[in-house]
>>> print(open('data.txt').read())   # compact mmCIF, C-alpha atoms
# COMPACT_ATOMS: atom_id res chain seq x y z
CA MET A 262 -3.46 -14.12 -28.36
CA VAL A 263 -4.18 -14.39 -24.66
CA HIS A 264 -5.90 -17.76 -25.00
CA ALA A 265 -3.28 -18.97 -27.48
CA GLY A 266 -0.60 -18.07 -24.92
CA GLU A 267 -2.48 -20.00 -22.25
CA GLU A 268 -2.80 -23.10 -24.41
CA ALA A 269 0.86 -22.86 -25.45
CA ALA A 270 1.83 -22.76 -21.77
CA HIS A 271 -0.25 -25.91 -21.14
CA PHE A 272 1.54 -27.62 -24.05
CA VAL A 273 4.98 -26.60 -22.75
CA ASN A 274 4.03 -27.80 -19.25
CA LEU A 275 2.96 -31.24 -20.54
CA ALA A 276 6.04 -31.53 -22.76
CA LEU A 277 8.52 -30.57 -20.04
CA LYS A 278 7.08 -32.98 -17.49
CA GLY A 279 6.98 -35.79 -20.05
CA GLU A 280 3.23 -36.31 -20.11
CA ILE A 281 2.33 -35.04 -23.56
CA TYR A 282 2.08 -38.54 -25.04
CA ASP A 283 0.25 -40.16 -22.13
CA ASP A 284 -2.61 -42.24 -23.52
CA ALA A 285 -4.87 -41.69 -20.52
CA PRO A 286 -4.78 -39.74 -17.27
CA ARG A 287 -3.18 -41.56 -14.37
CA GLU A 288 -5.49 -42.75 -11.64
CA MET A 289 -5.00 -40.45 -8.67
CA PRO A 290 -6.81 -39.68 -5.40
CA GLN A 291 -9.27 -36.82 -5.75
CA HIS A 292 -7.19 -34.30 -3.81
CA ASP A 293 -4.18 -35.05 -6.03
CA LEU A 294 -6.25 -34.53 -9.18
CA PHE A 295 -7.64 -31.31 -7.73
CA TYR A 296 -4.35 -29.65 -6.83
CA SER A 297 -2.42 -30.87 -9.87
CA GLY A 298 -5.24 -29.32 -11.93
CA VAL A 299 -4.94 -26.06 -9.98
CA LEU A 300 -1.19 -25.91 -10.68
CA GLU A 301 -1.72 -26.61 -14.39
CA GLU A 302 -4.28 -23.80 -14.59
CA ALA A 303 -1.88 -21.49 -12.75
CA LEU A 304 0.94 -22.12 -15.22
CA GLY A 305 -1.43 -21.65 -18.14
CA PHE A 306 -2.57 -18.29 -16.81
CA PHE A 307 1.04 -17.31 -16.07
CA GLY A 308 1.93 -18.08 -19.70
CA SER A 309 -0.93 -15.90 -20.95
CA LYS A 310 0.35 -13.03 -18.79
CA LEU A 311 3.72 -13.23 -20.53
CA ILE A 312 1.87 -12.62 -23.81
CA ASP A 313 -0.43 -9.93 -22.43
CA PRO A 314 0.71 -8.48 -19.08
CA SER A 315 -2.45 -6.37 -18.89
CA ARG A 316 -4.61 -9.46 -18.36
CA ASN A 317 -5.97 -9.48 -14.81
CA HIS A 318 -8.00 -12.36 -13.46
CA PHE A 319 -9.75 -10.25 -10.85
CA PHE A 320 -11.11 -7.89 -13.51
CA GLU A 321 -12.24 -10.55 -15.97
CA THR A 322 -13.97 -13.13 -13.79
CA GLU A 323 -17.60 -12.84 -12.79
CA PHE A 324 -16.92 -14.13 -9.28
CA TYR A 325 -15.04 -10.97 -8.37
CA GLN A 326 -17.13 -8.63 -10.53
CA TYR A 327 -20.33 -9.68 -8.78
CA TYR A 328 -18.98 -10.42 -5.32
CA ARG A 329 -21.42 -9.08 -2.67
CA LYS A 330 -23.99 -8.08 -5.28
CA GLU A 331 -27.72 -8.66 -4.87
CA ARG A 332 -29.40 -11.93 -5.88
CA ALA A 333 -31.12 -10.40 -8.92
CA GLU A 334 -27.90 -8.95 -10.33
CA ILE A 335 -25.95 -12.19 -9.83
CA GLU A 336 -28.62 -14.39 -11.41
CA ALA A 337 -29.15 -11.98 -14.32
CA ASN A 338 -25.46 -11.73 -15.19
CA THR A 339 -23.93 -15.12 -14.34
CA PRO A 340 -24.91 -18.72 -15.09
CA TYR A 341 -25.23 -19.48 -11.37
CA SER A 342 -27.97 -19.39 -8.83
CA TYR A 343 -27.39 -16.98 -5.95
CA GLU A 344 -26.71 -19.92 -3.62
CA ASP A 345 -24.24 -21.61 -6.00
CA PHE A 346 -22.44 -18.34 -6.69
CA ASN A 347 -21.97 -17.63 -3.00
CA ALA A 348 -20.88 -21.20 -2.25
CA ILE A 349 -18.17 -20.93 -4.93
CA ILE A 350 -16.87 -17.52 -3.85
CA HIS A 351 -16.97 -18.63 -0.20
CA PHE A 352 -14.81 -21.66 -1.07
CA ILE A 353 -12.28 -19.50 -2.92
CA LEU A 354 -11.95 -16.91 -0.16
CA LEU A 355 -11.90 -19.51 2.62
CA HIS A 356 -9.22 -21.44 0.75
CA LYS A 357 -7.05 -18.33 0.38
CA THR A 358 -7.37 -17.71 4.13
CA PHE A 359 -6.63 -21.36 4.91
CA GLU A 360 -3.52 -21.62 2.75
CA GLN A 361 -1.90 -18.56 4.37
CA ASN A 362 -2.49 -19.92 7.88
CA TYR A 363 -2.44 -23.68 7.40
CA ALA A 364 0.17 -24.36 10.10
CA ARG A 365 -2.42 -23.18 12.67
CA TYR A 366 -5.02 -25.73 11.61
CA GLN A 367 -5.49 -29.20 13.05
CA GLU A 368 -7.87 -30.32 10.29
CA VAL A 369 -8.87 -29.11 6.86
CA PRO A 370 -12.11 -27.07 7.02
CA PRO A 371 -15.06 -29.23 5.93
CA GLU A 372 -16.11 -26.65 3.30
CA ILE A 373 -12.74 -27.09 1.59
CA LEU A 374 -12.99 -30.89 1.67
CA GLU A 375 -16.49 -30.66 0.19
CA GLY A 376 -15.19 -28.48 -2.63
CA ILE A 377 -12.30 -30.80 -3.43
CA ARG A 378 -14.70 -33.77 -3.50
CA ALA A 379 -17.43 -31.93 -5.41
CA ALA A 380 -19.03 -33.26 -8.59
CA PRO A 381 -16.90 -32.64 -11.70
CA ARG A 382 -18.72 -29.48 -12.86
CA ARG A 383 -18.30 -27.71 -9.50
CA ALA A 384 -14.78 -29.06 -8.94
CA ASN A 385 -13.66 -27.83 -12.37
CA ILE A 386 -14.90 -24.31 -11.56
CA LEU A 387 -13.00 -24.32 -8.26
CA ILE A 388 -9.84 -25.68 -9.92
CA HIS A 389 -10.04 -23.01 -12.61
CA GLU A 390 -10.60 -20.15 -10.16
CA LEU A 391 -7.89 -21.18 -7.70
CA GLY A 392 -5.50 -21.84 -10.59
CA TYR A 393 -6.04 -18.46 -12.21
CA PHE A 394 -5.74 -16.78 -8.81
CA LEU A 395 -2.38 -18.50 -8.25
CA GLY A 396 -1.29 -17.74 -11.82
CA GLN A 397 -1.86 -14.04 -11.16
CA GLN A 398 0.17 -14.33 -7.94
CA LEU A 399 3.00 -16.18 -9.71
CA TYR A 400 3.24 -13.50 -12.37
CA ASP A 401 3.25 -10.70 -9.80
CA ALA A 402 5.95 -12.53 -7.80
CA TYR A 403 8.01 -13.11 -10.95
CA LYS A 404 7.85 -9.43 -11.89
CA ALA A 405 8.76 -8.44 -8.32
CA GLY A 406 11.74 -10.82 -8.29
CA THR A 407 10.31 -13.10 -5.59
CA LEU A 408 10.42 -15.98 -8.07
CA ASP A 409 13.15 -16.11 -10.71
CA ARG A 410 13.18 -17.67 -14.17
CA ARG A 411 14.87 -20.84 -12.95
CA GLU A 412 12.16 -21.43 -10.34
CA ILE A 413 9.40 -20.86 -12.90
CA ALA A 414 11.10 -23.31 -15.30
CA ARG A 415 11.25 -25.86 -12.48
CA LEU A 416 7.51 -25.52 -11.90
CA PHE A 417 6.85 -26.30 -15.55
CA ARG A 418 8.87 -29.52 -15.21
CA LEU A 419 7.25 -30.86 -12.03
CA SER A 420 5.18 -34.02 -12.40
CA PHE A 421 3.10 -34.77 -9.33
CA ARG A 422 3.32 -38.55 -9.20
CA ALA A 423 3.73 -38.85 -5.44
CA SER A 424 0.46 -38.49 -3.55
CA GLY A 425 0.30 -35.18 -1.71
CA SER A 426 3.08 -33.57 -3.77
CA ALA A 427 0.74 -31.27 -5.71
CA LEU A 428 -0.88 -29.92 -2.55
CA GLN A 429 2.51 -29.45 -0.85
CA THR A 430 3.82 -27.57 -3.88
CA TYR A 431 0.68 -25.42 -3.92
CA LEU A 432 1.03 -24.56 -0.22
CA ASP A 433 4.75 -23.83 -0.57
CA LEU A 434 4.06 -21.50 -3.50
CA THR A 435 1.22 -19.60 -1.87
CA GLU A 436 3.30 -19.13 1.26
CA ARG A 437 5.98 -17.45 -0.87
CA VAL A 438 3.81 -15.33 -3.15
CA GLY A 439 1.27 -14.14 -0.58
CA SER A 440 -2.48 -13.88 -0.85
CA PRO A 441 -4.20 -10.77 -2.22
CA ALA A 442 -7.61 -12.18 -1.35
CA PRO A 443 -10.33 -9.50 -0.98
CA GLU A 444 -11.75 -10.14 2.52
CA ALA A 445 -11.76 -13.81 3.30
CA PRO A 446 -14.16 -15.43 5.78
CA PRO A 447 -12.76 -16.12 9.24
CA ALA A 448 -10.58 -19.23 9.50
CA GLN A 449 -12.11 -22.30 11.10
CA THR A 450 -10.04 -25.36 11.82
CA ALA A 451 -7.58 -26.97 9.46
CA PRO A 452 -4.59 -27.88 7.14
CA SER A 453 -2.28 -30.62 6.46
CA ALA A 454 -0.37 -31.49 3.37
CA GLU A 455 -3.07 -34.04 2.72
CA PRO A 456 -6.75 -33.17 3.15
CA GLY A 457 -8.18 -34.98 6.09
CA GLY A 458 -4.82 -35.50 7.76
CA ARG A 459 -2.91 -33.78 10.50
CA ALA A 460 -1.12 -30.54 9.81
CA GLN A 461 2.49 -30.96 8.75
CA GLY A 462 5.41 -29.22 10.43
>>> encode(input="data.txt", output="C-alpha cells")
Amino acid sequence: MVHAGEEAAHFVNLALKGEIYDDAPREMPQHDLFYSGVLEEALGFFGSKLIDPSRNHFFETEFYQYYRKERAEIEANTPYSYEDFNAIIHFILLHKTFEQNYARYQEVPPEILEGIRAAPRRANILIHELGYFLGQQLYDAYKAGTLDRREIARLFRLSFRASGSALQTYLDLTERVGSPAPEAPPAQTAPSAEPGGRAQG
C-alpha cells in the first residue's frame, strides 16, 4: 500500500500539472532536471505518508541506518563501497546545511555542484534521497499546520518550465519546513537560486 500510494501521488502530480500525456521529457538544464526530480520524489513520498503515516524515511533508508558505521559493516550491508557511501551521505548532509543558510553563501559549494552534475546513477540516488527527506519534512509541516491543504495542492500543480523555478521552490519550501538533518558538515561557501550563480536576495 505504501508504494501504491507513492505511485498514485506521482500520477496525480503529473495529471495536475498537465504532463501526463507528454511524449518525451522536456530538454532542461541539469540543475533544473535535478531539482524538479527532487520535488517529484518529495510529493510521492508525501502521498505515501497519507496512506501510511508510520512510514519514516530516516528509519528505512540505509544511508541513515549505517551513517558513521565502519567500512566492513557498510560494505556488507549496502550496495556501496565505503567511499561511495560516505560521498553520498556527505552530499545529503552538506546540502541540508546549505539550503538552511543559502543567503550567507556567495557560491554553491563545489561538492553540491558535483552531485547535481553526477552521472545518472549517482544523480538518481541523490535526487531520491533529497526528495524523500523533503517529503518527510512536508508531511511533518502539514501535520503541524505549517503548510495547509491548499498549499500542498498548489505544489502538486506546479510545472517547472522556467529555468531555476524548481530550485527556487525547493529553497522556499525547505526554509519554511526546517531541516532535521542529523549533524551536517560545516558550511563552506555558497547558494544562489541557480547553481553557479550569485546568491539571490
>>> closest_atom_pairs(input="data.txt", of="stretch 390-425 of chain A", to="stretch 366-386 of chain A", cutoff="12 Å", atoms="only C-alpha atoms", output="CSV")
residue,atom,partner,partner_atom,distance
A:Glu390,CA,A:Ile386,CA,6.1
A:Leu391,CA,A:Ile386,CA,8.6
A:Gly392,CA,A:Ile386,CA,9.8
A:Tyr393,CA,A:Ile386,CA,10.6
>>> write_last_selection(input="data.txt", atoms="C-alpha atoms", output="compact mmCIF listing (two decimals), in the coordinates of the input")
# COMPACT_ATOMS: atom_id res chain seq x y z
CA GLU A 390 -10.60 -20.15 -10.16
CA LEU A 391 -7.89 -21.18 -7.70
CA GLY A 392 -5.50 -21.84 -10.59
CA TYR A 393 -6.04 -18.46 -12.21
>>> residues_around(input="data.txt", residues="A:Arg329", least_positions_apart="6", cutoff="10 Å", atoms="all atoms listed in the file", output="ChimeraX atom specification")
/A:335,347,350
>>> write_last_selection(input="data.txt", atoms="C-alpha atoms", output="PDB file, in the coordinates of the input")
ATOM      1  CA  ILE A 335     -25.950 -12.190  -9.830  1.00  0.00           C
ATOM      2  CA  ASN A 347     -21.970 -17.630  -3.000  1.00  0.00           C
ATOM      3  CA  ILE A 350     -16.870 -17.520  -3.850  1.00  0.00           C
TER       4      ILE A 350
END
>>> atom_distance(input="data.txt", atom1="atom CA of A:Glu360", atom2="atom CA of A:Leu277")
27.3 Å
>>> residues_around(input="data.txt", residues="A:Pro314", least_positions_apart="2", cutoff="12 Å", atoms="only C-alpha atoms", output="PyMOL selection string")
chain A and resi 262-263+266+306-312+316-318+396-397+400-401+403-404
>>> residues_around(input="data.txt", residues="A:Leu434", least_positions_apart="5", cutoff="10 Å", atoms="all atoms listed in the file", output="list in words")
Leu300, Glu360, Leu395, Gln398, Leu399, Leu408, Leu416, Leu428, Gln429 and Gly439 of chain A
>>> atom_distance(input="data.txt", atom1="atom CA of A:Lys278", atom2="atom CA of A:Arg418")
4.5 Å
>>> closest_residue(input="data.txt", among="A:Ala414, A:Leu304, A:Leu419, A:Ile349", to="A:Ala269", atoms="all atoms listed in the file")
A:Leu304
>>> axis_aligned_box(input="data.txt", around="stretch 337-347 of chain A", padding_each_side="6 Å", output="JSON")
{"center_x": -25.6, "center_y": -16.7, "center_z": -9.1, "size_x": 19.2, "size_y": 21.9, "size_z": 24.2}
>>> atom_distance(input="data.txt", atom1="atom CA of A:Glu302", atom2="atom CA of A:His389")
6.1 Å
>>> residues_around(input="data.txt", residues="A:Phe319", least_positions_apart="5", cutoff="9 Å", atoms="all atoms listed in the file", output="PDB file with C-alpha atoms, in the coordinates of the input")
ATOM      1  CA  PHE A 324     -16.920 -14.130  -9.280  1.00  0.00           C
ATOM      2  CA  TYR A 325     -15.040 -10.970  -8.370  1.00  0.00           C
ATOM      3  CA  GLN A 326     -17.130  -8.630 -10.530  1.00  0.00           C
ATOM      4  CA  PHE A 394      -5.740 -16.780  -8.810  1.00  0.00           C
ATOM      5  CA  GLN A 397      -1.860 -14.040 -11.160  1.00  0.00           C
TER       6      GLN A 397
END
>>> residues_around(input="data.txt", residues="A:Glu301", least_positions_apart="4", cutoff="7 Å", atoms="all atoms listed in the file", output="JSON, numbers by chain")
{"A": [271, 297, 305]}
>>> build_atoms(input="data.txt", residues="stretch 378-389 of chain A", atoms="all heavy atoms", output="PDB file, in the frame of the given file")
ATOM      1  N   ARG A 378     -13.989 -32.530  -3.152  1.00  0.00           N
ATOM      2  CA  ARG A 378     -14.700 -33.770  -3.500  1.00  0.00           C
ATOM      3  C   ARG A 378     -15.981 -33.520  -4.278  1.00  0.00           C
ATOM      4  O   ARG A 378     -16.787 -34.428  -4.475  1.00  0.00           O
ATOM      5  CB  ARG A 378     -15.031 -34.522  -2.209  1.00  0.00           C
ATOM      6  CG  ARG A 378     -13.793 -34.956  -1.428  1.00  0.00           C
ATOM      7  CD  ARG A 378     -14.149 -35.363  -0.007  1.00  0.00           C
ATOM      8  NE  ARG A 378     -12.974 -35.754   0.756  1.00  0.00           N
ATOM      9  CZ  ARG A 378     -12.953 -35.867   2.076  1.00  0.00           C
ATOM     10  NH1 ARG A 378     -14.048 -35.597   2.786  1.00  0.00           N
ATOM     11  NH2 ARG A 378     -11.841 -36.237   2.703  1.00  0.00           N
ATOM     12  N   ALA A 379     -16.186 -32.278  -4.721  1.00  0.00           N
ATOM     13  CA  ALA A 379     -17.430 -31.930  -5.410  1.00  0.00           C
ATOM     14  C   ALA A 379     -17.554 -32.670  -6.732  1.00  0.00           C
ATOM     15  O   ALA A 379     -16.584 -33.211  -7.272  1.00  0.00           O
ATOM     16  CB  ALA A 379     -17.472 -30.416  -5.655  1.00  0.00           C
ATOM     17  N   ALA A 380     -18.785 -32.679  -7.260  1.00  0.00           N
ATOM     18  CA  ALA A 380     -19.030 -33.260  -8.590  1.00  0.00           C
ATOM     19  C   ALA A 380     -18.175 -32.540  -9.613  1.00  0.00           C
ATOM     20  O   ALA A 380     -17.786 -31.382  -9.415  1.00  0.00           O
ATOM     21  CB  ALA A 380     -20.515 -33.115  -8.935  1.00  0.00           C
ATOM     22  N   PRO A 381     -17.847 -33.201 -10.738  1.00  0.00           N
ATOM     23  CA  PRO A 381     -16.900 -32.640 -11.700  1.00  0.00           C
ATOM     24  C   PRO A 381     -17.186 -31.207 -12.137  1.00  0.00           C
ATOM     25  O   PRO A 381     -16.256 -30.395 -12.228  1.00  0.00           O
ATOM     26  CB  PRO A 381     -16.997 -33.608 -12.882  1.00  0.00           C
ATOM     27  CG  PRO A 381     -17.334 -34.917 -12.248  1.00  0.00           C
ATOM     28  CD  PRO A 381     -18.252 -34.576 -11.112  1.00  0.00           C
ATOM     29  N   ARG A 382     -18.444 -30.840 -12.391  1.00  0.00           N
ATOM     30  CA  ARG A 382     -18.720 -29.480 -12.860  1.00  0.00           C
ATOM     31  C   ARG A 382     -18.297 -28.444 -11.828  1.00  0.00           C
ATOM     32  O   ARG A 382     -17.623 -27.466 -12.139  1.00  0.00           O
ATOM     33  CB  ARG A 382     -20.201 -29.316 -13.193  1.00  0.00           C
ATOM     34  CG  ARG A 382     -20.550 -27.909 -13.693  1.00  0.00           C
ATOM     35  CD  ARG A 382     -22.022 -27.796 -14.085  1.00  0.00           C
ATOM     36  NE  ARG A 382     -22.343 -26.442 -14.511  1.00  0.00           N
ATOM     37  CZ  ARG A 382     -22.682 -25.453 -13.685  1.00  0.00           C
ATOM     38  NH1 ARG A 382     -22.737 -25.670 -12.374  1.00  0.00           N
ATOM     39  NH2 ARG A 382     -22.956 -24.245 -14.152  1.00  0.00           N
ATOM     40  N   ARG A 383     -18.666 -28.649 -10.556  1.00  0.00           N
ATOM     41  CA  ARG A 383     -18.300 -27.710  -9.500  1.00  0.00           C
ATOM     42  C   ARG A 383     -16.794 -27.744  -9.256  1.00  0.00           C
ATOM     43  O   ARG A 383     -16.154 -26.705  -9.112  1.00  0.00           O
ATOM     44  CB  ARG A 383     -19.070 -28.038  -8.219  1.00  0.00           C
ATOM     45  CG  ARG A 383     -18.653 -27.243  -6.975  1.00  0.00           C
ATOM     46  CD  ARG A 383     -18.967 -25.754  -7.068  1.00  0.00           C
ATOM     47  NE  ARG A 383     -20.382 -25.495  -7.148  1.00  0.00           N
ATOM     48  CZ  ARG A 383     -21.212 -25.417  -6.103  1.00  0.00           C
ATOM     49  NH1 ARG A 383     -20.771 -25.580  -4.880  1.00  0.00           N
ATOM     50  NH2 ARG A 383     -22.495 -25.152  -6.291  1.00  0.00           N
ATOM     51  N   ALA A 384     -16.217 -28.955  -9.197  1.00  0.00           N
ATOM     52  CA  ALA A 384     -14.780 -29.060  -8.940  1.00  0.00           C
ATOM     53  C   ALA A 384     -13.978 -28.359 -10.025  1.00  0.00           C
ATOM     54  O   ALA A 384     -12.988 -27.679  -9.728  1.00  0.00           O
ATOM     55  CB  ALA A 384     -14.378 -30.536  -8.855  1.00  0.00           C
ATOM     56  N   ASN A 385     -14.398 -28.477 -11.286  1.00  0.00           N
ATOM     57  CA  ASN A 385     -13.660 -27.830 -12.370  1.00  0.00           C
ATOM     58  C   ASN A 385     -13.691 -26.303 -12.245  1.00  0.00           C
ATOM     59  O   ASN A 385     -12.714 -25.623 -12.558  1.00  0.00           O
ATOM     60  CB  ASN A 385     -14.234 -28.260 -13.726  1.00  0.00           C
ATOM     61  CG  ASN A 385     -13.841 -29.681 -14.088  1.00  0.00           C
ATOM     62  OD1 ASN A 385     -12.854 -30.206 -13.584  1.00  0.00           O
ATOM     63  ND2 ASN A 385     -14.618 -30.314 -14.950  1.00  0.00           N
ATOM     64  N   ILE A 386     -14.821 -25.764 -11.788  1.00  0.00           N
ATOM     65  CA  ILE A 386     -14.900 -24.310 -11.560  1.00  0.00           C
ATOM     66  C   ILE A 386     -13.916 -23.899 -10.472  1.00  0.00           C
ATOM     67  O   ILE A 386     -13.177 -22.920 -10.612  1.00  0.00           O
ATOM     68  CB  ILE A 386     -16.333 -23.906 -11.170  1.00  0.00           C
ATOM     69  CG1 ILE A 386     -17.287 -24.114 -12.344  1.00  0.00           C
ATOM     70  CG2 ILE A 386     -16.379 -22.444 -10.699  1.00  0.00           C
ATOM     71  CD1 ILE A 386     -18.756 -24.011 -11.967  1.00  0.00           C
ATOM     72  N   LEU A 387     -13.881 -24.653  -9.379  1.00  0.00           N
ATOM     73  CA  LEU A 387     -13.000 -24.320  -8.260  1.00  0.00           C
ATOM     74  C   LEU A 387     -11.527 -24.448  -8.660  1.00  0.00           C
ATOM     75  O   LEU A 387     -10.701 -23.604  -8.292  1.00  0.00           O
ATOM     76  CB  LEU A 387     -13.318 -25.223  -7.068  1.00  0.00           C
ATOM     77  CG  LEU A 387     -14.753 -25.144  -6.544  1.00  0.00           C
ATOM     78  CD1 LEU A 387     -14.949 -26.132  -5.396  1.00  0.00           C
ATOM     79  CD2 LEU A 387     -15.115 -23.737  -6.110  1.00  0.00           C
ATOM     80  N   ILE A 388     -11.206 -25.488  -9.422  1.00  0.00           N
ATOM     81  CA  ILE A 388      -9.840 -25.680  -9.920  1.00  0.00           C
ATOM     82  C   ILE A 388      -9.428 -24.497 -10.790  1.00  0.00           C
ATOM     83  O   ILE A 388      -8.339 -23.940 -10.656  1.00  0.00           O
ATOM     84  CB  ILE A 388      -9.735 -27.006 -10.700  1.00  0.00           C
ATOM     85  CG1 ILE A 388      -9.790 -28.192  -9.728  1.00  0.00           C
ATOM     86  CG2 ILE A 388      -8.461 -27.048 -11.548  1.00  0.00           C
ATOM     87  CD1 ILE A 388      -9.970 -29.535 -10.406  1.00  0.00           C
ATOM     88  N   HIS A 389     -10.315 -24.121 -11.702  1.00  0.00           N
ATOM     89  CA  HIS A 389     -10.040 -23.010 -12.610  1.00  0.00           C
ATOM     90  C   HIS A 389      -9.818 -21.711 -11.832  1.00  0.00           C
ATOM     91  O   HIS A 389      -8.841 -20.981 -12.071  1.00  0.00           O
ATOM     92  CB  HIS A 389     -11.226 -22.873 -13.575  1.00  0.00           C
ATOM     93  CG  HIS A 389     -11.091 -21.757 -14.549  1.00  0.00           C
ATOM     94  ND1 HIS A 389     -11.499 -20.472 -14.268  1.00  0.00           N
ATOM     95  CD2 HIS A 389     -10.595 -21.728 -15.805  1.00  0.00           C
ATOM     96  CE1 HIS A 389     -11.264 -19.704 -15.321  1.00  0.00           C
ATOM     97  NE2 HIS A 389     -10.715 -20.430 -16.264  1.00  0.00           N
TER      98      HIS A 389
END
